[in-house]
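Novice: Structure provided below as structure tokens; questions to follow.
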Amino acid sequence: QVQLVESGGGLVQAGGSLRLSCAASGSIFSIASMGWYRQAPGKQRELVALITNGGGTNYTDSVKGRFTISRDTAKKEVYLQMNNLQPEDTAVYYCNTVPIPFASWGQGTQVTVSS
């Protein structure tokens, strides 16, 4: 069973940067594609970035050119570098497998961007 622990969130001003980390346990991490999801208040959870076990990446349009997803398979960690943050990026950020988030959701990490 995969367990996930997210960290690295915080409060930043618009234009600032944050780097999120996700520590995963379980042997399946090495073969699973992983993604970063976010859920803003009153909105559904959405997938914003994914990385395959081969290193291929994809992003939702609203974060392209600003966010970069990466992974360290040996450490079983996934990262999300977020640059030029905007108030609309404010949300709780989670990691999980893709395309189906079959691991139990972690507690997430709050990202708040002030204007």
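Just remember, in the structure tokens the first chain shown is A, the second B, etc., residues are 1-based per chain, and ligands are 1-based in the order shown.
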Would you list the contacts of stretch 79-96 of chain A as number ranges by chain, taking every protein, DNA or RNA residue within 7 Å and counting only C-alpha atoms, but skipping same-chain residues closer than 2 positions in sequence?
Specialist: A: 6, 14-22, 34-41, 66-71, 77, 98, 101, 103, 106, 108-115
Novice: With DSSP run on the backbone, what are the strand (DSSP E) residues within chain A? I'd like them as a VMD selection string.
Specialist: chain A and resid 3 to 7 10 to 13 18 to 25 33 to 39 46 to 51 57 to 59 67 to 72 77 to 82 91 to 98 109 to 114
Novice: Rounded to one decimal place, report the atom CA of A:Val2-atom CA of A:Ile51 distance in Å.
Specialist: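 Interatomic distance here is 16.7 Å.
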Novice: If you measure from atom CA of A:Gln44 to atom CA of A:Pro99, what distance in Å do you get, rounded to one decimal?
Specialist: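 These two atoms are separated by 16.1 Å.
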Novice: For A:Tyr59, find every residue with an atom within 9 Å (counting only C-alpha atoms), except residues of its own chain fewer than 3 positions away, and show them as a list in words.
Specialist: Leu47, Val48, Ala49, Leu50, Ser62, Val63, Lys64, Gly65, Phe67, Thr68 and Ile69 of chain A
